[in-house]
Amino acid sequence: MSTPSKRLMLHTTRSLIAVAIATAFPAQMAFADDAKTEAKKDDTKLETVIVTANRRAESIKEVPMSISAIKGEALDTYTASGQDIRFLSARTPSLNIESDFGRSFPRFYIRGLGNTDFDLNASQPVGLVYDDIVQENPVLKGFPVFDVDQVEILRGPQGTLFGRNSPAGVIKFDSAKPSKRFEGYASVGFGNYGAVNLESAINAPINSDWAARVSAQAQSRNDRVNNPQATGTRSLEGYHDNAARVQLQYKNQDFTALLNVHGRDMAGNATLFRANIIQKGTNNLVPGFDYTVYPTDGVNKQTLTSWGSNLHLQWDLKDMSIYAITGYDRAKFYSRADVDGGYGASFALPMGPGFIPFPAETADGVPYLRQMTQEIRVQSTTKDALQWIAGLYYFNESLQVDSFDFNSLGGNVQDGYAVQHQQAKSYAAFGSVNYAINEQTKVRAGLRYTKDSKDFDAQRLWTPGKPQSAGGTKLFTTSPSASNLTWDLNGNYALDKQTNLFARIATGYRAPSVQGRVLFGDGISVARSEKTLSFEAGVKKDILENTAHVDFTVFQYTARDLQLTAGNGSVNQNQLVNADKATGQGFELDLTAKINRNWKAIVGVSYNDTQIKDSALYVVPCGNGCTVTNPAGPNGTVAINGNPLPRAPKWVGNFSLKYTTQIGDGTLYAITDWSYKDRYNMFLYAAKEYDAKSMLEGGLRVGYQWADGKYEVAGYARNITNRQQVVAAIDFNNLTGILNEPRSYGVQFKANF
């Protein structure tokens, strides 16, 4: 990319491109003096962003790591159409989110590190923390985002203060908390396909010590896809997704208690796996593809109920505070889909669309999930040069996973069953110290010791295609355990009041994982613990008299014994493998700029160059005759040494531009936002059909606020170009693809009080 000249930028101060380039190289570029004068006159300075990435409230500029924060208006814009948590994908640098299950079981990737495993006990290297509680199981990670004060994306290993399986990073959600002010809001939206999106919250002080906050969300959509076949589910992709949160806070002098009770009830459809929608030898959709038609002979349904509570206790003493955070979560989940994505089979004509080698209709469920966490933390509260945090952490999970097979050709009746049980425990002790060497220089160091253990068993009790009385396999058991010491060291140097330089070295750790999908296999796989070492350095700078802010980070990491998920060719089965190592390097740029009184821009760009490095690692490729481009290995395998990590786009970008103007007694605004993801491999191996295309999606929101912001009406559209392409696939049967969301649009009204 060529850099525009300094002279050109001086003449295009209101151009977003100029703002982005100028702030990326602030020492070399400048805006005209009249822009600075206008910023002062119009009071367009940016607000200070406060984050709690280090368990303390700090300005984002002073946190020595790569971090992004999303809140308020941006969250309202992204969630208006009823999108689930995947709306965050590509909204900040180096972040990708996808799912093979639809509105549940999101899979997160930061700097290319993630996990493509679709088993319901799969671990992920990206930690998700909701109101200070780690959400470990994938079905807990999709809790709806509503009445949330802020979302923080912490990139790089978080092995000290958060610790639990977070070698890639942490995504942290903080709900709006009760306050002593009576206030609230209600929002109602209507969209295409009969979408209805409702959200409300009310905050009520009870007396001088007590306050409560109740918030809820209800999202629904009618079916938008039709099945022309006489069998199977006839109408698809509708849903009802309801969630609520009740918080009760007590605060008296030096003691604070906050009780949070929350729950979710979702019913709808699993992801649609569409048979033979990819042209052989390409990554294009087949000619004449119609999103609204899905010929299938299978049943498709999905339900998820979850509820939980957490209790935060805080004692403020003379020079320190003591925190006790207790969490308890439960969930039930069931998802059934026609995985072959079509009807009939090569031996049971008619079949289609295209060639269906064999039928595959399966379901997975979690009839029981219970997670308990306990953290006790003590930290200093003085203004001394030395600050410290010390704590203990405990995690306990009990889980059952059921897997079912169904006979699509015989009336969709069950003809197979397998079960997994897992008991996982983790203990940790952690601490960190911050020391201000002088007014400009601060250093931080952290240490965490973690011990993990799992007791796991799996058994196929009914082999698919055989009589139930024939039985299944023996009971497979394993009990992996590991302990690890993670640490980080970082420093922050204030070059001047506007500029902070930082550097960070950090390690991360992921506990051993187990893959026990024995419905179609006769064994389980165990992956050793994974360890990551990361280096990063960057600059955080306010420019143009605080009308713009830029964060720029360069990073490099090495993940050893990297846990990867490999397929089994033509069998609907996964297995875990450890790669010797994988490396990643790149940069991240975050920019926010108020160009003048009417215009505000946000730009994010990241580059992630990842590579698997293991010359002895071979995997079984697709079982459907796809066009593999990796070298052949022994016994039908292919070599993946040198491949990028799966579902890890090199380039990720986001851009938004907001225009506001006063009209009458109110404010008219228009916002456009765009996200970009570069191409990526869908699987560990490379194949022409499973090379996802780059994707650019845009949104638009136009609204009017009046009565000092009490009322707002808006129209919105997501994926405004209606771009349709394959974003994921099933590779064991036919050229089955999964598509991105089509265009959505609607109107919204919000009232604040």
# chains A, B, ... in the order shown; residues from 1 in each chain; ligands from 1
$ closest_atom_pairs --of "segment 659-737 of chain A" --to "segment 288-307 of chain A" --cutoff "12 Å" --atoms "only C-alpha atoms" --output "CSV"
residue,atom,partner,partner_atom,distance
A:Asn722,CA,A:Tyr291,CA,11.1
A:Arg723,CA,A:Tyr291,CA,11.4
A:Gln724,CA,A:Tyr291,CA,8.6
A:Gln725,CA,A:Tyr291,CA,10.4
A:Val726,CA,A:Tyr291,CA,11.6
A:Gly737,CA,A:Tyr291,CA,11.9
$ write_last_selection --atoms "N, CA and C atoms" --output "PDB file, in the first residue's frame"
ATOM      1  N   ASN A 722     -25.736  -7.717   0.508  1.00  0.00           N
ATOM      2  CA  ASN A 722     -26.284  -9.080   0.442  1.00  0.00           C
ATOM      3  C   ASN A 722     -25.263 -10.070  -0.114  1.00  0.00           C
ATOM      4  N   ARG A 723     -24.022  -9.923   0.305  1.00  0.00           N
ATOM      5  CA  ARG A 723     -22.956 -10.828  -0.114  1.00  0.00           C
ATOM      6  C   ARG A 723     -23.233 -12.216   0.454  1.00  0.00           C
ATOM      7  N   GLN A 724     -23.203 -13.242  -0.399  1.00  0.00           N
ATOM      8  CA  GLN A 724     -23.415 -14.619   0.032  1.00  0.00           C
ATOM      9  C   GLN A 724     -22.239 -15.466  -0.405  1.00  0.00           C
ATOM     10  N   GLN A 725     -21.652 -16.162   0.559  1.00  0.00           N
ATOM     11  CA  GLN A 725     -20.528 -17.034   0.225  1.00  0.00           C
ATOM     12  C   GLN A 725     -20.353 -18.089   1.307  1.00  0.00           C
ATOM     13  N   VAL A 726     -19.557 -19.101   0.989  1.00  0.00           N
ATOM     14  CA  VAL A 726     -19.300 -20.200   1.921  1.00  0.00           C
ATOM     15  C   VAL A 726     -18.263 -19.743   2.942  1.00  0.00           C
ATOM     16  N   GLY A 737     -21.558 -26.932   2.337  1.00  0.00           N
ATOM     17  CA  GLY A 737     -21.095 -25.630   2.797  1.00  0.00           C
ATOM     18  C   GLY A 737     -22.034 -24.981   3.793  1.00  0.00           C
TER      19      GLY A 737
END
$ residues_around --residues "Lys750 of chain A" --least-positions-apart "5" --cutoff "8 Å" --atoms "only C-alpha atoms" --output "list in words"
Tyr185, Ala186, Ser187, Val188, Tyr711, Glu712 and Val713 of chain A
$ residues_around --residues "segment 372-378 of chain A" --least-positions-apart "4" --cutoff "6 Å" --atoms "only C-alpha atoms" --output "PyMOL selection string"
chain A and resi 321-328+389-396
$ atom_distance --atom1 "atom CA of Glu62 of chain A" --atom2 "atom CA of Phe587 of chain A"
19.0 Å
$ atom_distance --atom1 "atom CA of Thr271 of chain A" --atom2 "atom CA of Gly82 of chain A"
16.3 Å
$ select_by_dssp --residues "segment 398-532 of chain A" --states "strand (DSSP E)" --output "VMD selection string"
chain A and resid 398 to 407 413 to 436 441 to 462 476 to 478 481 to 494 499 to 510 513 to 515 525 to 527 530 to 532
$ select_by_dssp --residues "segment 112-233 of chain A" --states "helix (DSSP H, G or I)" --output "VMD selection string"
chain A and resid 138 to 140 192 to 194
$ write_last_selection --atoms "C-alpha atoms" --output "mmCIF file, in the first residue's frame"
data_model
loop_
_atom_site.group_PDB
_atom_site.id
_atom_site.type_symbol
_atom_site.label_atom_id
_atom_site.label_comp_id
_atom_site.auth_asym_id
_atom_site.auth_seq_id
_atom_site.Cartn_x
_atom_site.Cartn_y
_atom_site.Cartn_z
ATOM 1 C CA PRO A 138 -18.817 -23.579 24.474
ATOM 2 C CA VAL A 139 -22.588 -23.520 25.058
ATOM 3 C CA LEU A 140 -22.121 -20.981 27.866
ATOM 4 C CA ASN A 192 -37.453 -8.405 7.596
ATOM 5 C CA TYR A 193 -38.400 -12.076 7.921
ATOM 6 C CA GLY A 194 -40.727 -11.016 10.733
#
$ residues_around --residues "segment 232-249 of chain A" --least-positions-apart "3" --cutoff "8 Å" --atoms "only C-alpha atoms" --output "VMD selection string"
chain A and resid 144 177 to 178 210 to 229 256 to 270 296 to 300 412
$ write_last_selection --atoms "C-alpha atoms" --output "PDB file, in the first residue's frame"
ATOM      1  CA  PRO A 144     -26.663 -12.738  24.493  1.00  0.00           C
ATOM      2  CA  LYS A 177     -24.348  -2.384  37.218  1.00  0.00           C
ATOM      3  CA  PRO A 178     -27.005  -1.105  39.652  1.00  0.00           C
ATOM      4  CA  TRP A 210     -29.755  -1.136  48.252  1.00  0.00           C
ATOM      5  CA  ALA A 211     -30.209  -0.825  44.488  1.00  0.00           C
ATOM      6  CA  ALA A 212     -31.532  -3.193  41.833  1.00  0.00           C
ATOM      7  CA  ARG A 213     -31.212  -3.486  38.076  1.00  0.00           C
ATOM      8  CA  VAL A 214     -33.399  -5.729  35.921  1.00  0.00           C
ATOM      9  CA  SER A 215     -32.715  -6.147  32.211  1.00  0.00           C
ATOM     10  CA  ALA A 216     -34.097  -8.438  29.536  1.00  0.00           C
ATOM     11  CA  GLN A 217     -33.905  -9.211  25.850  1.00  0.00           C
ATOM     12  CA  ALA A 218     -36.324 -11.039  23.551  1.00  0.00           C
ATOM     13  CA  GLN A 219     -35.364 -11.765  19.944  1.00  0.00           C
ATOM     14  CA  SER A 220     -37.355 -13.720  17.383  1.00  0.00           C
ATOM     15  CA  ARG A 221     -37.531 -14.263  13.658  1.00  0.00           C
ATOM     16  CA  ASN A 222     -39.848 -16.191  11.367  1.00  0.00           C
ATOM     17  CA  ASP A 223     -38.615 -19.035   9.189  1.00  0.00           C
ATOM     18  CA  ARG A 224     -36.971 -17.801   5.996  1.00  0.00           C
ATOM     19  CA  VAL A 225     -35.896 -21.067   4.310  1.00  0.00           C
ATOM     20  CA  ASN A 226     -38.261 -23.645   2.807  1.00  0.00           C
ATOM     21  CA  ASN A 227     -37.719 -27.397   2.351  1.00  0.00           C
ATOM     22  CA  PRO A 228     -39.592 -28.623  -0.763  1.00  0.00           C
ATOM     23  CA  GLN A 229     -39.182 -32.296   0.199  1.00  0.00           C
ATOM     24  CA  THR A 256     -20.268  -4.009  48.820  1.00  0.00           C
ATOM     25  CA  ALA A 257     -22.240  -7.092  47.757  1.00  0.00           C
ATOM     26  CA  LEU A 258     -23.587  -7.678  44.258  1.00  0.00           C
ATOM     27  CA  LEU A 259     -25.830 -10.631  43.397  1.00  0.00           C
ATOM     28  CA  ASN A 260     -26.329 -11.440  39.704  1.00  0.00           C
ATOM     29  CA  VAL A 261     -28.921 -13.979  38.505  1.00  0.00           C
ATOM     30  CA  HIS A 262     -29.260 -14.580  34.770  1.00  0.00           C
ATOM     31  CA  GLY A 263     -30.822 -17.017  32.331  1.00  0.00           C
ATOM     32  CA  ARG A 264     -31.445 -17.801  28.679  1.00  0.00           C
ATOM     33  CA  ASP A 265     -34.077 -19.781  26.769  1.00  0.00           C
ATOM     34  CA  MET A 266     -33.459 -20.291  23.050  1.00  0.00           C
ATOM     35  CA  ALA A 267     -35.321 -22.442  20.527  1.00  0.00           C
ATOM     36  CA  GLY A 268     -34.754 -22.531  16.786  1.00  0.00           C
ATOM     37  CA  ASN A 269     -32.714 -24.334  14.166  1.00  0.00           C
ATOM     38  CA  ALA A 270     -29.201 -25.627  13.927  1.00  0.00           C
ATOM     39  CA  THR A 296     -33.484 -32.143   2.922  1.00  0.00           C
ATOM     40  CA  ASP A 297     -34.895 -35.350   4.374  1.00  0.00           C
ATOM     41  CA  GLY A 298     -33.589 -34.639   7.887  1.00  0.00           C
ATOM     42  CA  VAL A 299     -34.932 -33.061  11.043  1.00  0.00           C
ATOM     43  CA  ASN A 300     -33.431 -29.769  12.185  1.00  0.00           C
ATOM     44  CA  ASN A 412     -35.775 -40.289  10.883  1.00  0.00           C
TER      45      ASN A 412
END
$ residues_around --residues "Gly127 of chain A" --least-positions-apart "5" --cutoff "12 Å" --atoms "only C-alpha atoms" --output "ChimeraX atom specification"
/A:106-110,113-115,132-138,140-141,152-159,161-173,508-510
